[in-house]
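Down below is the structure, laid out as C-alpha cells.
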Amino acid sequence: MNYELEIMKQQTKIKKNSGSAMMIAIIFFLFISLVIISGLVSPTVREYQNSSVNLKSKNSYYLAESGVEDAMYRIATGKTIGTSETITLGSNSETTSITTTGSNQKEIISLGNVSNYQRKMDMLLQAGAGVGFNYGIQSGDGGFTLSGGSKITGNVYANGNIDGNGGVSITGTAIAAGASSYIGNKTSPTDPLMIGTGSVGDSWSYKAIGTSVAGNLYCQTGSQNNKACNTTHGIPPSVPLPFTQANIDAWKAEGTAGGVITGSTKCHGGYSNGDCHVDWANGTFGPGKITGNLLVDGGGTLTITGTVYVVGTITISGGAHVMLPANFNQYSATLISDGWASLSGGSYTGSGAAGSYLFVVSTSTCPSGTGCSGHNAIDVGGGSGTIAVAAQSGTVDLGGGISINAAVGKTISAHNGAKIFYETGLASPSFQSGPSGGWNVLNWGETQ
C-alpha cells in the first residue's frame, strides 16, 4: 500500500514538472512572438505616422498655394480684396496677407495650416500693362505683309495671312490664324520668307508657301518650303487683339480729367482753335486733352507727363523728340488719338527705366472711312526709339528705315527696311491706365 502511494506521488510530481516546463515554453514563445510582432508593427506604425504628417503637410501646401492664386486672380482681374483674407476648408485654414512694396509692387504671403502643420508661400507682383503685348507684331484679320528687307526680331501673330517677300525675316515664331490662312511668299516662293534662327522659331498656319523655317513647320498643306508640313497642330485659332474698349475709354477719361491743353505756355509753337503746336521752343504737358490736332516739329521736344488724349490728328516730324521725364512715376505713358497719327523723322525716349515706353494709339479706321486724306491709322515713316504703336481698327504702315519695339493693327505693312525689335519687357510695360492693368509675377515660391 505504501509502495503504491509512493508511485502515485512520483507520478504527480512528474506531471507538475511537465506542466511547469510547458508553461515556461508557452511564455517564452509568446515573448518571442511579441518581440517579432513589435518589430514588424513599429515600422508600419511609424510609416503610417509619417504618411499622415506628409499628407497634412501637403494639404497645408496646397491650401497656401490656393490662397496665393486666389489673391493673384483677384488683383489681376480688379476684384475686391482686402489686405488680409482667410480661406477655411473644414477645420483647416489659410491666411493671406497683401502688402504694397516698392514701386507698383504687391507682395502676397499665404500661410496654410492643417492640424498645426504649416506651409508658407510668397509671391511678388509687379504692376504691368493695361495692354499686354505678347508679340512684336500682332494683326487682326487684315493680316500682315513684310517686304523690302524688313525684319521682325520677335514673334508674329496674325488673324489673317502673313506674306513676306524681298529678303525679309522673322526671327521668332510666325502664326497665321484662320481656315484659309497662309504664311510665306506667294509672289516669289523661291525667295522664301525666313522664319526663326538656328533651330528655334516655328511657322504655324493652314497653308505654307515659300517658307524657310528654322524650327517646326506646322501646316495642313504647303509647297516650296524647306520642310514638309507637320499636320499635328491643326489650324491655329484667332486671338483677341491686346486692348479693349474699356482700355480706350479709360485712357480718354484720364486725359480728359487732366483738363484741356491750351495756350502758348504749353503749346510753344502756337495754339489755335484747339490745335497745339510744339516746335523748337519745346513743351511739357500731360495728363490732358487736346480738342484739335497735335503737331510736334522743328526739332522741338515734347515731354509727356501723363496720358494725352488728342481728339484730332497727331503729326510728329522734322527731327522732333517725344520723351518721358527721367524717373517718371507713372513709368510709361499713352498718347491716344481719334484721328490718324503720322510719325516721321522723330525719336522717342522712355523714362530711362528698363521697359518704359511711349505708347501711341489711334482709334481711326483709316485708310477707310472719312477724314483720312491718304493716311493710314498710323504711319511710321522714320525715326526710332522706345515706342509701341497700335491701331486695332485701322492700318499700321511701317517704313522708311524705322526702328520701333512693337506694333498692333487690324492690318500691318512693314517695308523699306522697317525693323521691329520686340523685347520681352514690352509684354507688360507699366502703362498704369485702364481697368485691365496687368501684373507680372516677379517671384513665386515656398518660404516655409
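Ordered as shown in the C-alpha cells, chains take letters A, B, and onward, while each chain numbers its residues from 1 and ligands are numbered from 1 in the order shown.
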Please, which residues of range 27-229 of chain A, numbered as in this document, come out helix (DSSP H, G or I) from DSSP, as an mmCIF file with N, CA and C atoms, in the first residue's frame?
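Printed below is out_1.cif as written:
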data_model
loop_
_atom_site.group_PDB
_atom_site.id
_atom_site.type_symbol
_atom_site.label_atom_id
_atom_site.label_comp_id
_atom_site.auth_asym_id
_atom_site.auth_seq_id
_atom_site.Cartn_x
_atom_site.Cartn_y
_atom_site.Cartn_z
ATOM 1 N N ILE A 27 5.205 30.698 -22.370
ATOM 2 C CA ILE A 27 5.526 32.099 -22.071
ATOM 3 C C ILE A 27 6.679 32.578 -22.946
ATOM 4 N N PHE A 28 7.704 31.719 -23.074
ATOM 5 C CA PHE A 28 8.854 32.073 -23.890
ATOM 6 C C PHE A 28 8.422 32.285 -25.349
ATOM 7 N N PHE A 29 7.539 31.407 -25.839
ATOM 8 C CA PHE A 29 7.044 31.516 -27.202
ATOM 9 C C PHE A 29 6.254 32.819 -27.410
ATOM 10 N N LEU A 30 5.405 33.099 -26.406
ATOM 11 C CA LEU A 30 4.623 34.346 -26.505
ATOM 12 C C LEU A 30 5.532 35.575 -26.508
ATOM 13 N N PHE A 31 6.585 35.536 -25.672
ATOM 14 C CA PHE A 31 7.514 36.660 -25.598
ATOM 15 C C PHE A 31 8.217 36.874 -26.940
ATOM 16 N N ILE A 32 8.703 35.731 -27.492
ATOM 17 C CA ILE A 32 9.379 35.815 -28.782
ATOM 18 C C ILE A 32 8.420 36.332 -29.859
ATOM 19 N N SER A 33 7.178 35.862 -29.820
ATOM 20 C CA SER A 33 6.167 36.294 -30.795
ATOM 21 C C SER A 33 5.894 37.784 -30.686
ATOM 22 N N LEU A 34 5.785 38.267 -29.428
ATOM 23 C CA LEU A 34 5.532 39.703 -29.227
ATOM 24 C C LEU A 34 6.697 40.543 -29.731
ATOM 25 N N VAL A 35 7.916 40.055 -29.506
ATOM 26 C CA VAL A 35 9.083 40.785 -29.992
ATOM 27 C C VAL A 35 9.068 40.860 -31.516
ATOM 28 N N ILE A 36 8.757 39.725 -32.140
ATOM 29 C CA ILE A 36 8.712 39.703 -33.605
ATOM 30 C C ILE A 36 7.602 40.603 -34.127
ATOM 31 N N ILE A 37 6.412 40.483 -33.525
ATOM 32 C CA ILE A 37 5.270 41.305 -33.953
ATOM 33 C C ILE A 37 5.583 42.786 -33.760
ATOM 34 N N SER A 38 6.212 43.103 -32.614
ATOM 35 C CA SER A 38 6.572 44.503 -32.353
ATOM 36 C C SER A 38 7.549 45.017 -33.404
ATOM 37 N N GLY A 39 8.508 44.167 -33.770
ATOM 38 C CA GLY A 39 9.461 44.552 -34.791
ATOM 39 C C GLY A 39 8.825 44.786 -36.144
ATOM 40 N N LEU A 40 7.744 44.041 -36.412
ATOM 41 C CA LEU A 40 7.037 44.218 -37.668
ATOM 42 C C LEU A 40 6.075 45.401 -37.633
ATOM 43 N N VAL A 41 5.425 45.596 -36.498
ATOM 44 C CA VAL A 41 4.375 46.617 -36.392
ATOM 45 C C VAL A 41 4.962 48.020 -36.251
ATOM 46 N N SER A 42 6.048 48.174 -35.500
ATOM 47 C CA SER A 42 6.597 49.505 -35.217
ATOM 48 C C SER A 42 6.935 50.284 -36.486
ATOM 49 N N PRO A 43 7.665 49.697 -37.450
ATOM 50 C CA PRO A 43 7.922 50.437 -38.690
ATOM 51 C C PRO A 43 6.647 50.795 -39.438
ATOM 52 N N THR A 44 5.666 49.875 -39.385
ATOM 53 C CA THR A 44 4.398 50.160 -40.058
ATOM 54 C C THR A 44 3.698 51.353 -39.419
ATOM 55 N N VAL A 45 3.731 51.373 -38.079
ATOM 56 C CA VAL A 45 3.109 52.498 -37.366
ATOM 57 C C VAL A 45 3.846 53.793 -37.677
ATOM 58 N N ARG A 46 5.194 53.705 -37.643
ATOM 59 C CA ARG A 46 5.978 54.906 -37.969
ATOM 60 C C ARG A 46 5.703 55.377 -39.392
ATOM 61 N N GLU A 47 5.605 54.421 -40.329
ATOM 62 C CA GLU A 47 5.332 54.773 -41.709
ATOM 63 C C GLU A 47 3.963 55.422 -41.835
ATOM 64 N N TYR A 48 3.001 54.880 -41.086
ATOM 65 C CA TYR A 48 1.648 55.460 -41.111
ATOM 66 C C TYR A 48 1.674 56.882 -40.564
ATOM 67 N N GLN A 49 2.413 57.050 -39.434
ATOM 68 C CA GLN A 49 2.501 58.389 -38.841
ATOM 69 C C GLN A 49 3.182 59.362 -39.797
ATOM 70 N N ASN A 50 4.284 58.883 -40.438
ATOM 71 C CA ASN A 50 4.985 59.744 -41.396
ATOM 72 C C ASN A 50 4.088 60.097 -42.579
ATOM 73 N N SER A 51 3.338 59.106 -43.060
ATOM 74 C CA SER A 51 2.428 59.355 -44.184
ATOM 75 C C SER A 51 1.360 60.353 -43.793
ATOM 76 N N SER A 52 0.860 60.232 -42.550
ATOM 77 C CA SER A 52 -0.164 61.162 -42.078
ATOM 78 C C SER A 52 0.383 62.579 -41.996
ATOM 79 N N VAL A 53 1.631 62.682 -41.452
ATOM 80 C CA VAL A 53 2.262 64.006 -41.366
ATOM 81 C C VAL A 53 2.509 64.571 -42.759
ATOM 82 N N ASN A 54 3.004 63.723 -43.662
ATOM 83 C CA ASN A 54 3.283 64.159 -45.021
ATOM 84 C C ASN A 54 2.012 64.621 -45.730
ATOM 85 N N LEU A 55 0.921 63.881 -45.524
ATOM 86 C CA LEU A 55 -0.353 64.255 -46.133
ATOM 87 C C LEU A 55 -0.849 65.594 -45.602
ATOM 88 N N LYS A 56 -0.736 65.782 -44.291
ATOM 89 C CA LYS A 56 -1.177 67.044 -43.706
ATOM 90 C C LYS A 56 -0.303 68.198 -44.193
ATOM 91 N N SER A 57 1.005 67.923 -44.331
ATOM 92 C CA SER A 57 1.917 68.952 -44.826
ATOM 93 C C SER A 57 1.585 69.326 -46.269
ATOM 94 N N LYS A 58 1.315 68.301 -47.093
ATOM 95 C CA LYS A 58 0.953 68.575 -48.475
ATOM 96 C C LYS A 58 -0.355 69.348 -48.558
ATOM 97 N N ASN A 59 -1.329 68.949 -47.748
ATOM 98 C CA ASN A 59 -2.606 69.675 -47.735
ATOM 99 C C ASN A 59 -2.405 71.131 -47.339
ATOM 100 N N SER A 60 -1.499 71.350 -46.386
ATOM 101 C CA SER A 60 -1.190 72.717 -45.969
ATOM 102 C C SER A 60 -0.553 73.494 -47.114
ATOM 103 N N TYR A 61 0.344 72.814 -47.860
ATOM 104 C CA TYR A 61 0.998 73.446 -49.014
ATOM 105 C C TYR A 61 -0.029 73.849 -50.063
ATOM 106 N N TYR A 62 -0.922 72.911 -50.413
ATOM 107 C CA TYR A 62 -1.909 73.204 -51.442
ATOM 108 C C TYR A 62 -2.883 74.289 -50.990
ATOM 109 N N LEU A 63 -3.168 74.323 -49.690
ATOM 110 C CA LEU A 63 -4.043 75.367 -49.166
ATOM 111 C C LEU A 63 -3.361 76.725 -49.269
ATOM 112 N N ALA A 64 -2.055 76.753 -48.942
ATOM 113 C CA ALA A 64 -1.299 78.011 -49.056
ATOM 114 C C ALA A 64 -1.209 78.458 -50.513
ATOM 115 N N GLU A 65 -0.967 77.520 -51.409
ATOM 116 C CA GLU A 65 -0.881 77.860 -52.828
ATOM 117 C C GLU A 65 -2.218 78.363 -53.356
ATOM 118 N N SER A 66 -3.306 77.766 -52.885
ATOM 119 C CA SER A 66 -4.636 78.227 -53.294
ATOM 120 C C SER A 66 -4.873 79.666 -52.861
ATOM 121 N N GLY A 67 -4.383 79.998 -51.658
ATOM 122 C CA GLY A 67 -4.537 81.372 -51.176
ATOM 123 C C GLY A 67 -3.780 82.364 -52.036
ATOM 124 N N VAL A 68 -2.555 82.015 -52.436
ATOM 125 C CA VAL A 68 -1.754 82.883 -53.309
ATOM 126 C C VAL A 68 -2.439 83.068 -54.651
ATOM 127 N N GLU A 69 -2.903 81.965 -55.238
ATOM 128 C CA GLU A 69 -3.520 82.029 -56.559
ATOM 129 C C GLU A 69 -4.837 82.803 -56.521
ATOM 130 N N ASP A 70 -5.603 82.633 -55.448
ATOM 131 C CA ASP A 70 -6.855 83.377 -55.320
ATOM 132 C C ASP A 70 -6.587 84.874 -55.240
ATOM 133 N N ALA A 71 -5.576 85.250 -54.441
ATOM 134 C CA ALA A 71 -5.243 86.674 -54.313
ATOM 135 C C ALA A 71 -4.728 87.231 -55.628
ATOM 136 N N MET A 72 -3.866 86.468 -56.309
ATOM 137 C CA MET A 72 -3.328 86.923 -57.589
ATOM 138 C C MET A 72 -4.456 87.130 -58.598
ATOM 139 N N TYR A 73 -5.410 86.190 -58.639
ATOM 140 C CA TYR A 73 -6.536 86.308 -59.569
ATOM 141 C C TYR A 73 -7.363 87.551 -59.268
ATOM 142 N N ARG A 74 -7.631 87.790 -58.003
ATOM 143 C CA ARG A 74 -8.445 88.955 -57.635
ATOM 144 C C ARG A 74 -7.736 90.266 -57.960
ATOM 145 N N ILE A 75 -6.443 90.311 -57.715
ATOM 146 C CA ILE A 75 -5.685 91.527 -58.035
ATOM 147 C C ILE A 75 -5.624 91.735 -59.538
ATOM 148 N N ALA A 76 -5.347 90.663 -60.283
ATOM 149 C CA ALA A 76 -5.188 90.775 -61.734
ATOM 150 C C ALA A 76 -6.479 91.156 -62.434
#
> Hey, what does DSSP flag as strand (DSSP E or B) within range 180-319 of chain A? Can you give it to me as JSON, numbers by chain?
Replying inline: {"A": [182, 183, 184, 193, 194, 195, 197, 200, 203, 204, 207, 208, 209, 211, 212, 213, 217, 218, 221, 222, 223, 230, 260, 270, 271, 272, 275, 276, 277, 278, 283, 284, 285, 288, 289, 290, 294, 295, 296, 301, 302, 303, 304, 308, 309, 310, 314, 315, 316]}
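We find CA of Gly371 in chain A and CA of Gly339 in chain A to be spaced 7.9 Å apart.
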> Quick one: of A:Ser147, A:Asn161, A:Ser115, A:Thr153, who's nearest to Asn405 in chain A, counting only C-alpha atoms?
Replying inline: A:Thr153
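The smallest atom-to-atom distance between Phe243 in chain A and any of A:Val361, A:Asp279, A:Gly112, A:Thr395, using only C-alpha atoms, is found for A:Val361.
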> Neighbours of Phe144 in chain A within 8 Å (only C-alpha atoms; same-chain residues fewer than 5 positions away dropped), as a ChimeraX atom specification?
Replying inline: /A:139,158,160-163,411-414
>> With only C-alpha atoms as the counted atoms, please give the residues lying no more than 9 Å from range 318-322 of chain A, apart from itself and same-chain residues fewer than 5 positions off, as a PyMOL selection string.
In response: chain A and resi 279-280+296-304+344-350+358+383
> What gap, in Å, lies between CA of Ala253 in chain A and CA of Ala341 in chain A?
Replying inline: 19.8 Å
> Using only C-alpha atoms, which of the listed residues (A:Thr386, A:Ser364, A:Asn376, A:Thr211) sits closest to Ala333 in chain A?
Replying inline: A:Thr386
